[in-house]
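Text of target.cif (mmCIF, C-alpha atoms) as supplied:
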```cif
data_entry
loop_
_atom_site.label_atom_id
_atom_site.label_comp_id
_atom_site.auth_asym_id
_atom_site.auth_seq_id
_atom_site.Cartn_x
_atom_site.Cartn_y
_atom_site.Cartn_z
CA MET L 469 143.23 -97.63 -48.10
CA SER L 470 139.51 -98.20 -48.79
CA THR L 471 137.08 -97.42 -45.97
CA THR L 472 134.26 -99.48 -47.50
CA LYS L 473 133.75 -103.02 -48.72
CA MET L 474 130.88 -105.06 -50.14
CA CYS L 475 129.08 -107.94 -48.46
CA PRO L 476 128.42 -111.18 -50.41
CA ASN L 477 124.98 -109.79 -51.36
CA GLY L 478 126.45 -106.61 -52.84
CA HIS L 479 125.67 -104.12 -50.04
CA VAL L 480 128.25 -101.39 -49.38
CA MET L 481 129.41 -101.30 -45.76
CA GLU L 482 132.31 -100.07 -43.60
CA ALA L 483 135.52 -102.05 -44.13
CA THR L 484 135.89 -102.67 -40.38
CA TRP L 485 132.44 -104.31 -40.00
CA ASP L 486 132.16 -108.10 -39.72
CA ARG L 487 128.46 -108.27 -40.60
CA CYS L 488 126.36 -106.39 -43.15
CA PRO L 489 123.68 -104.19 -41.48
CA TYR L 490 121.31 -104.78 -44.41
CA CYS L 491 121.45 -108.59 -44.53
CA PRO L 492 119.45 -110.62 -41.97
CA ASP L 493 121.39 -111.88 -38.94
CA PRO L 494 121.24 -115.72 -39.08
CA SER L 495 121.59 -116.00 -35.29
CA ARG L 496 118.37 -114.00 -34.81
CA MET L 497 116.33 -115.91 -37.38
CA GLY L 498 115.60 -118.83 -35.03
CA GLY L 499 116.95 -121.56 -37.28
CA ARG L 500 115.02 -120.32 -40.30
CA GLY L 501 116.85 -119.72 -43.49
CA PRO L 502 116.80 -116.37 -45.23
CA ILE L 503 113.48 -115.28 -46.64
CA PRO L 504 113.37 -116.17 -50.32
CA PRO L 505 112.76 -113.41 -52.85
CA THR L 506 109.17 -112.78 -53.85
CA ARG L 507 109.85 -112.93 -57.56
CA MET L 508 107.58 -115.44 -59.21
CA SER L 509 109.25 -115.58 -62.61
CA ASN L 510 110.27 -119.24 -62.06
CA ALA L 511 106.79 -120.44 -61.08
CA PRO L 512 105.54 -122.52 -64.05
CA ASP L 513 101.86 -122.69 -63.00
CA LEU L 514 101.31 -119.00 -62.51
CA PRO L 515 100.69 -116.52 -65.29
CA SER L 516 102.96 -113.52 -65.57
CA PRO L 517 101.70 -110.67 -63.44
CA THR L 518 100.10 -107.81 -65.30
CA PRO L 519 100.85 -104.32 -64.11
CA ALA L 520 97.99 -102.51 -62.43
CA PRO L 521 96.65 -99.60 -64.46
CA LYS L 522 97.98 -96.32 -63.19
CA PRO L 523 95.48 -93.57 -62.63
CA ALA L 524 95.93 -90.49 -64.73
CA VAL L 525 97.57 -87.76 -62.72
CA ASN L 526 96.40 -84.25 -63.42
CA LYS L 527 98.82 -81.82 -61.84
CA LYS L 528 97.07 -78.72 -63.09
CA THR L 529 95.35 -76.31 -60.76
CA VAL L 530 91.60 -76.58 -61.14
CA VAL L 531 89.30 -73.66 -60.40
CA LEU L 532 85.99 -74.83 -58.98
CA GLN L 533 82.89 -73.21 -60.33
CA GLU L 534 80.43 -71.83 -57.81
CA SER L 535 78.10 -74.78 -58.51
CA GLN L 536 80.90 -77.29 -57.63
CA LYS L 537 81.65 -75.94 -54.15
CA VAL L 538 80.24 -77.87 -51.20
CA PRO L 539 78.00 -75.53 -49.17
CA VAL L 540 78.95 -74.64 -45.60
CA VAL L 541 76.09 -75.49 -43.26
CA GLY L 542 77.65 -74.71 -39.87
CA TRP L 543 80.75 -74.24 -37.77
CA LEU L 544 82.59 -75.81 -34.87
CA VAL L 545 84.30 -73.24 -32.64
CA ALA L 546 86.95 -74.44 -30.16
CA LEU L 547 86.25 -73.18 -26.63
CA THR L 548 89.16 -74.99 -24.89
CA GLY L 549 92.34 -76.87 -25.74
CA LYS L 550 95.12 -76.23 -28.24
CA HIS L 551 92.67 -74.86 -30.80
CA LYS L 552 90.86 -72.42 -28.48
CA GLY L 553 89.37 -69.66 -30.64
CA ASP L 554 89.75 -71.54 -33.93
CA ASP L 555 86.68 -72.22 -36.04
CA PHE L 556 86.12 -75.09 -38.45
CA ARG L 557 83.61 -75.21 -41.30
CA VAL L 558 80.96 -77.91 -41.35
CA LYS L 559 80.10 -78.83 -44.93
CA GLU L 560 77.07 -80.52 -46.38
CA GLY L 561 77.42 -84.32 -46.09
CA LYS L 562 79.90 -85.98 -43.71
CA ASN L 563 82.66 -84.21 -41.82
CA ILE L 564 85.26 -86.42 -40.10
CA VAL L 565 86.77 -84.96 -36.90
CA GLY L 566 90.14 -86.32 -35.76
CA SER L 567 93.90 -85.95 -35.64
CA ASP L 568 94.56 -87.61 -39.02
CA PRO L 569 95.66 -85.15 -41.75
CA ASP L 570 92.92 -86.55 -44.03
CA CYS L 571 90.14 -85.45 -41.65
CA ASP L 572 87.84 -82.55 -42.49
CA VAL L 573 88.27 -81.06 -38.99
CA ILE L 574 91.85 -81.68 -37.83
CA LEU L 575 92.42 -81.40 -34.07
CA THR L 576 95.94 -82.00 -32.73
CA ASP L 577 94.92 -82.62 -29.10
CA GLU L 578 96.81 -85.76 -28.00
CA PHE L 579 93.56 -87.20 -26.59
CA ILE L 580 91.83 -87.21 -29.99
CA SER L 581 91.75 -90.38 -32.10
CA SER L 582 92.87 -90.28 -35.71
CA LYS L 583 89.26 -90.63 -36.85
CA HIS L 584 87.38 -89.57 -33.71
CA ALA L 585 83.85 -88.67 -34.83
CA ASN L 586 81.66 -87.99 -37.85
CA LEU L 587 79.44 -84.92 -38.01
CA LYS L 588 76.89 -85.45 -40.77
CA TYR L 589 74.45 -82.97 -42.28
CA VAL L 590 71.43 -84.07 -44.28
CA ASN L 591 68.46 -82.14 -45.61
CA LYS L 592 65.53 -84.55 -45.37
CA ASP L 593 62.24 -83.30 -46.77
CA GLY L 594 63.25 -79.71 -46.03
CA GLU L 595 64.28 -80.54 -42.47
CA ARG L 596 67.94 -79.80 -41.66
CA ILE L 597 69.41 -82.60 -39.55
CA PHE L 598 72.88 -82.72 -37.95
CA ILE L 599 74.05 -86.06 -36.52
CA ILE L 600 77.24 -86.59 -34.49
CA THR L 601 78.56 -90.17 -34.38
CA ASP L 602 81.53 -91.33 -32.30
CA LEU L 603 83.82 -93.52 -34.45
CA ASP L 604 84.89 -95.84 -31.60
CA SER L 605 87.32 -93.21 -30.33
CA THR L 606 89.61 -94.03 -27.43
CA ASN L 607 88.48 -91.17 -25.18
CA GLY L 608 84.88 -90.78 -26.35
CA THR L 609 82.72 -87.93 -27.61
CA PHE L 610 80.60 -86.01 -25.08
CA LEU L 611 77.60 -83.80 -25.72
CA ASN L 612 76.59 -80.79 -23.57
CA ASP L 613 78.72 -81.63 -20.51
CA ALA L 614 77.15 -85.10 -20.12
CA GLU L 615 79.21 -87.57 -18.07
CA GLU L 616 78.54 -90.49 -20.41
CA PRO L 617 80.02 -90.56 -23.92
CA ILE L 618 77.62 -90.66 -26.85
CA ALA L 619 77.48 -93.17 -29.67
CA ARG L 620 75.17 -91.21 -31.99
CA GLU L 621 73.10 -88.11 -31.27
CA GLU L 622 71.29 -85.36 -33.13
CA LEU L 623 72.82 -81.90 -32.75
CA VAL L 624 71.03 -78.59 -32.40
CA ASP L 625 72.40 -75.06 -32.62
CA ASN L 626 74.64 -74.08 -29.64
CA ASP L 627 75.31 -77.66 -28.47
CA THR L 628 78.77 -78.19 -26.99
CA ILE L 629 80.76 -81.24 -28.05
CA THR L 630 83.90 -82.49 -26.30
CA PHE L 631 86.44 -84.45 -28.33
CA GLY L 632 89.28 -85.62 -26.07
CA GLN L 633 90.11 -82.47 -24.08
CA THR L 634 88.84 -80.03 -26.71
CA LYS L 635 85.40 -78.55 -26.07
CA MET L 636 83.68 -77.05 -29.12
CA LYS L 637 80.47 -75.11 -29.71
CA PHE L 638 78.35 -76.16 -32.66
CA LYS L 639 76.74 -73.38 -34.73
CA CYS L 640 74.39 -74.19 -37.59
CA LEU L 641 73.36 -71.87 -40.40
#
```

Output the file's structure as structure tokens, nothing else.
Amino acid sequence: MSTTKMCPNGHVMEATWDRCPYCPDPSRMGGRGPIPPTRMSNAPDLPSPTPAPKPAVNKKTVVLQESQKVPVVGWLVALTGKHKGDDFRVKEGKNIVGSDPDCDVILTDEFISSKHANLKYVNKDGERIFIITDLDSTNGTFLNDAEEPIAREELVDNDTITFGQTKMKFKCL
């Protein structure tokens, strides 16, 4: 005896089931009919879609030359929280701090937004400038134990920055 059967739409399901788990339930669709397919091959007024060009994928390991490396201009050292004792490099340009895996400084504190803050380094007319900008984080970014969160501030060596519940010391080179 077969333990599976097919629904009218061709989905394989258990033989004892009355309704296919993959097909929409008409009683929950509020009187609407099923959603039509998105194929546009029958539309006479529309041109045939053209496939988007696919970027070339280079799966080879690339060795960066010394001149291609982005210089390190400082560090963030975690003083409290899950990352206590860890240090994070601050590179020339912008450095996104947050919990998202795409961030430059990844902090897994549950009070840190996915893109929490931006720490930017610029060399303007020989003057080294570090700017910290909160990226509309949920719990704010605090500088040097201040009670009010910052929106954008200039950093100097040995400043402390609090992201969520992680306090960090900023060290510049």

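Of note, CA of Gly561 in chain L and CA of Tyr589 in chain L are spaced 5.0 Å apart.
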
Under the PyMOL selection byres ((chain L and resi 608) around 8), which residues of this model are included? Write them out as a short mmCIF file (atom, residue, chain, number, x, y, z; two decimals) with C-alpha atoms, keeping the file's coordinate frame.
```cif
data_model
loop_
_atom_site.label_atom_id
_atom_site.label_comp_id
_atom_site.auth_asym_id
_atom_site.auth_seq_id
_atom_site.Cartn_x
_atom_site.Cartn_y
_atom_site.Cartn_z
CA HIS L 584 87.38 -89.57 -33.71
CA ASP L 602 81.53 -91.33 -32.30
CA ASP L 604 84.89 -95.84 -31.60
CA SER L 605 87.32 -93.21 -30.33
CA THR L 606 89.61 -94.03 -27.43
CA ASN L 607 88.48 -91.17 -25.18
CA THR L 609 82.72 -87.93 -27.61
CA PHE L 610 80.60 -86.01 -25.08
CA PRO L 617 80.02 -90.56 -23.92
CA ILE L 618 77.62 -90.66 -26.85
CA PHE L 631 86.44 -84.45 -28.33
CA GLY L 632 89.28 -85.62 -26.07
#
```

Check your understanding: What lies within 9 Å of Phe598 in chain L using only C-alpha atoms, ignoring chain neighbours under 2 positions off, as a list of chain:residue names?
Key ->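 Contacts, in chain order: L:Leu587, L:Lys588, L:Tyr589, L:Val590, L:Asn591, L:Arg596, L:Ile600, L:Glu621, L:Glu622, L:Leu623, L:Val624, L:Cys640.
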
Point to revise | Residue with smallest distance to Pro539 in chain L - pool L:Val480, L:Thr601, L:Leu641, L:Val565, counting all atoms listed in the file | key: L:Leu641

Exercise for review: Evaluate the PyMOL selection byres ((chain L and resi 540-542) around 9) and record the selected residues as JSON, numbers by chain, following the chain and residue labels used in the document.
Suggested key: {"L": [538, 539, 543, 544, 556, 557, 558, 559, 560, 589, 625, 638, 639, 640, 641]}

Would you save the residues from that selection as a CSV table (one decimal), in the frame of the given file, using C-alpha atoms?
```csv
chain,number,residue,atom,x,y,z
L,538,VAL,CA,80.2,-77.9,-51.2
L,539,PRO,CA,78.0,-75.5,-49.2
L,543,TRP,CA,80.8,-74.2,-37.8
L,544,LEU,CA,82.6,-75.8,-34.9
L,556,PHE,CA,86.1,-75.1,-38.4
L,557,ARG,CA,83.6,-75.2,-41.3
L,558,VAL,CA,81.0,-77.9,-41.4
L,559,LYS,CA,80.1,-78.8,-44.9
L,560,GLU,CA,77.1,-80.5,-46.4
L,589,TYR,CA,74.4,-83.0,-42.3
L,625,ASP,CA,72.4,-75.1,-32.6
L,638,PHE,CA,78.4,-76.2,-32.7
L,639,LYS,CA,76.7,-73.4,-34.7
L,640,CYS,CA,74.4,-74.2,-37.6
L,641,LEU,CA,73.4,-71.9,-40.4
```

Point to revise | Which residue of L:Ala619, L:Thr634, L:Asp593, L:Pro489 approaches Ile580 in chain L most closely, using only C-alpha atoms | key: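 For Ile580 in chain L, the nearest of the candidates is L:Thr634.
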
Review point. To one decimal place, how far is CA of Asp613 in chain L from CA of Leu575 in chain L in Å?
Key: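 Going from CA of Asp613 in chain L over to CA of Leu575 in chain L covers 19.3 Å.
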
File output, range 530-641 of chain L (C-alpha atoms) as a PDB file, in the first residue's frame:
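Output file part_19.pdb follows:
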```
ATOM      1  CA  VAL L 530      43.908  36.488  -4.317  1.00  0.00           C
ATOM      2  CA  VAL L 531      47.031  37.625  -2.490  1.00  0.00           C
ATOM      3  CA  LEU L 532      46.931  41.337  -1.758  1.00  0.00           C
ATOM      4  CA  GLN L 533      50.069  43.288  -2.387  1.00  0.00           C
ATOM      5  CA  GLU L 534      51.327  45.490   0.423  1.00  0.00           C
ATOM      6  CA  SER L 535      50.104  48.567  -1.478  1.00  0.00           C
ATOM      7  CA  GLN L 536      46.526  47.139  -1.658  1.00  0.00           C
ATOM      8  CA  LYS L 537      46.058  46.619   2.088  1.00  0.00           C
ATOM      9  CA  VAL L 538      43.964  49.185   3.943  1.00  0.00           C
ATOM     10  CA  PRO L 539      46.103  50.729   6.710  1.00  0.00           C
ATOM     11  CA  VAL L 540      45.139  50.214  10.348  1.00  0.00           C
ATOM     12  CA  VAL L 541      44.773  53.584  12.072  1.00  0.00           C
ATOM     13  CA  GLY L 542      43.523  52.523  15.506  1.00  0.00           C
ATOM     14  CA  TRP L 543      41.840  49.933  17.680  1.00  0.00           C
ATOM     15  CA  LEU L 544      38.703  49.413  19.715  1.00  0.00           C
ATOM     16  CA  VAL L 545      39.304  47.323  22.851  1.00  0.00           C
ATOM     17  CA  ALA L 546      36.282  45.838  24.668  1.00  0.00           C
ATOM     18  CA  LEU L 547      36.333  46.678  28.384  1.00  0.00           C
ATOM     19  CA  THR L 548      32.976  45.049  29.291  1.00  0.00           C
ATOM     20  CA  GLY L 549      30.384  42.704  27.810  1.00  0.00           C
ATOM     21  CA  LYS L 550      30.670  39.463  25.852  1.00  0.00           C
ATOM     22  CA  HIS L 551      33.773  40.680  24.041  1.00  0.00           C
ATOM     23  CA  LYS L 552      35.709  41.855  27.120  1.00  0.00           C
ATOM     24  CA  GLY L 553      39.420  41.766  26.261  1.00  0.00           C
ATOM     25  CA  ASP L 554      38.900  41.499  22.497  1.00  0.00           C
ATOM     26  CA  ASP L 555      40.394  44.129  20.226  1.00  0.00           C
ATOM     27  CA  PHE L 556      39.136  45.246  16.830  1.00  0.00           C
ATOM     28  CA  ARG L 557      41.133  47.022  14.134  1.00  0.00           C
ATOM     29  CA  VAL L 558      40.017  50.432  12.919  1.00  0.00           C
ATOM     30  CA  LYS L 559      40.929  50.868   9.256  1.00  0.00           C
ATOM     31  CA  GLU L 560      41.326  53.978   7.173  1.00  0.00           C
ATOM     32  CA  GLY L 561      37.914  55.130   5.877  1.00  0.00           C
ATOM     33  CA  LYS L 562      34.630  53.961   7.410  1.00  0.00           C
ATOM     34  CA  ASN L 563      34.241  51.153   9.925  1.00  0.00           C
ATOM     35  CA  ILE L 564      30.687  49.951  10.635  1.00  0.00           C
ATOM     36  CA  VAL L 565      30.094  48.651  14.179  1.00  0.00           C
ATOM     37  CA  GLY L 566      27.138  46.318  14.734  1.00  0.00           C
ATOM     38  CA  SER L 567      25.821  42.791  15.076  1.00  0.00           C
ATOM     39  CA  ASP L 568      25.401  42.161  11.326  1.00  0.00           C
ATOM     40  CA  PRO L 569      27.989  39.724   9.885  1.00  0.00           C
ATOM     41  CA  ASP L 570      28.804  42.293   7.174  1.00  0.00           C
ATOM     42  CA  CYS L 571      30.018  44.858   9.733  1.00  0.00           C
ATOM     43  CA  ASP L 572      33.700  45.707  10.116  1.00  0.00           C
ATOM     44  CA  VAL L 573      33.467  45.429  13.924  1.00  0.00           C
ATOM     45  CA  ILE L 574      31.028  42.636  14.805  1.00  0.00           C
ATOM     46  CA  LEU L 575      29.642  42.731  18.354  1.00  0.00           C
ATOM     47  CA  THR L 576      27.176  40.019  19.406  1.00  0.00           C
ATOM     48  CA  ASP L 577      25.765  41.872  22.427  1.00  0.00           C
ATOM     49  CA  GLU L 578      21.956  41.540  22.176  1.00  0.00           C
ATOM     50  CA  PHE L 579      21.609  45.297  22.796  1.00  0.00           C
ATOM     51  CA  ILE L 580      23.572  46.212  19.657  1.00  0.00           C
ATOM     52  CA  SER L 581      21.751  47.075  16.431  1.00  0.00           C
ATOM     53  CA  SER L 582      22.682  45.323  13.210  1.00  0.00           C
ATOM     54  CA  LYS L 583      24.327  48.519  11.946  1.00  0.00           C
ATOM     55  CA  HIS L 584      24.840  50.425  15.200  1.00  0.00           C
ATOM     56  CA  ALA L 585      27.478  53.080  14.473  1.00  0.00           C
ATOM     57  CA  ASN L 586      30.069  54.235  11.956  1.00  0.00           C
ATOM     58  CA  LEU L 587      33.608  55.074  13.028  1.00  0.00           C
ATOM     59  CA  LYS L 588      35.255  57.050  10.238  1.00  0.00           C
ATOM     60  CA  TYR L 589      38.885  58.055   9.834  1.00  0.00           C
ATOM     61  CA  VAL L 590      39.978  60.823   7.493  1.00  0.00           C
ATOM     62  CA  ASN L 591      43.311  62.542   7.019  1.00  0.00           C
ATOM     63  CA  LYS L 592      42.444  66.150   6.173  1.00  0.00           C
ATOM     64  CA  ASP L 593      45.377  68.395   5.344  1.00  0.00           C
ATOM     65  CA  GLY L 594      47.670  66.283   7.521  1.00  0.00           C
ATOM     66  CA  GLU L 595      45.240  66.339  10.442  1.00  0.00           C
ATOM     67  CA  ARG L 596      44.025  62.892  11.562  1.00  0.00           C
ATOM     68  CA  ILE L 597      40.309  63.007  12.367  1.00  0.00           C
ATOM     69  CA  PHE L 598      38.164  60.216  13.850  1.00  0.00           C
ATOM     70  CA  ILE L 599      34.377  60.676  13.798  1.00  0.00           C
ATOM     71  CA  ILE L 600      31.854  58.367  15.496  1.00  0.00           C
ATOM     72  CA  THR L 601      28.282  58.527  14.148  1.00  0.00           C
ATOM     73  CA  ASP L 602      25.315  56.659  15.625  1.00  0.00           C
ATOM     74  CA  LEU L 603      23.326  54.990  12.818  1.00  0.00           C
ATOM     75  CA  ASP L 604      19.902  55.438  14.478  1.00  0.00           C
ATOM     76  CA  SER L 605      20.605  52.490  16.770  1.00  0.00           C
ATOM     77  CA  THR L 606      17.902  51.267  19.121  1.00  0.00           C
ATOM     78  CA  ASN L 607      19.928  51.662  22.331  1.00  0.00           C
ATOM     79  CA  GLY L 608      22.192  54.559  21.344  1.00  0.00           C
ATOM     80  CA  THR L 609      25.921  55.216  21.329  1.00  0.00           C
ATOM     81  CA  PHE L 610      27.474  56.899  24.380  1.00  0.00           C
ATOM     82  CA  LEU L 611      30.814  58.676  24.642  1.00  0.00           C
ATOM     83  CA  ASN L 612      32.945  58.881  27.818  1.00  0.00           C
ATOM     84  CA  ASP L 613      30.226  57.845  30.306  1.00  0.00           C
ATOM     85  CA  ALA L 614      27.862  60.641  29.192  1.00  0.00           C
ATOM     86  CA  GLU L 615      24.198  60.089  30.089  1.00  0.00           C
ATOM     87  CA  GLU L 616      22.907  61.337  26.731  1.00  0.00           C
ATOM     88  CA  PRO L 617      23.515  59.349  23.537  1.00  0.00           C
ATOM     89  CA  ILE L 618      25.521  61.007  20.782  1.00  0.00           C
ATOM     90  CA  ALA L 619      24.521  61.526  17.168  1.00  0.00           C
ATOM     91  CA  ARG L 620      27.972  62.449  15.822  1.00  0.00           C
ATOM     92  CA  GLU L 621      31.152  63.307  17.709  1.00  0.00           C
ATOM     93  CA  GLU L 622      34.870  63.567  17.113  1.00  0.00           C
ATOM     94  CA  LEU L 623      36.968  60.951  18.922  1.00  0.00           C
ATOM     95  CA  VAL L 624      40.342  61.413  20.565  1.00  0.00           C
ATOM     96  CA  ASP L 625      42.774  58.804  21.854  1.00  0.00           C
ATOM     97  CA  ASN L 626      41.558  56.973  25.020  1.00  0.00           C
ATOM     98  CA  ASP L 627      37.879  57.925  24.619  1.00  0.00           C
ATOM     99  CA  THR L 628      35.439  55.271  25.821  1.00  0.00           C
ATOM    100  CA  ILE L 629      32.462  54.401  23.647  1.00  0.00           C
ATOM    101  CA  THR L 630      29.469  52.358  24.794  1.00  0.00           C
ATOM    102  CA  PHE L 631      27.517  50.392  22.189  1.00  0.00           C
ATOM    103  CA  GLY L 632      24.526  48.683  23.831  1.00  0.00           C
ATOM    104  CA  GLN L 633      26.062  47.138  26.962  1.00  0.00           C
ATOM    105  CA  THR L 634      29.584  46.876  25.541  1.00  0.00           C
ATOM    106  CA  LYS L 635      32.027  49.565  26.661  1.00  0.00           C
ATOM    107  CA  MET L 636      35.108  49.983  24.468  1.00  0.00           C
ATOM    108  CA  LYS L 637      38.287  52.052  24.658  1.00  0.00           C
ATOM    109  CA  PHE L 638      39.383  53.805  21.489  1.00  0.00           C
ATOM    110  CA  LYS L 639      43.122  53.839  20.722  1.00  0.00           C
ATOM    111  CA  CYS L 640      44.484  55.721  17.727  1.00  0.00           C
ATOM    112  CA  LEU L 641      47.874  55.258  16.109  1.00  0.00           C
TER     113      LEU L 641
END
```
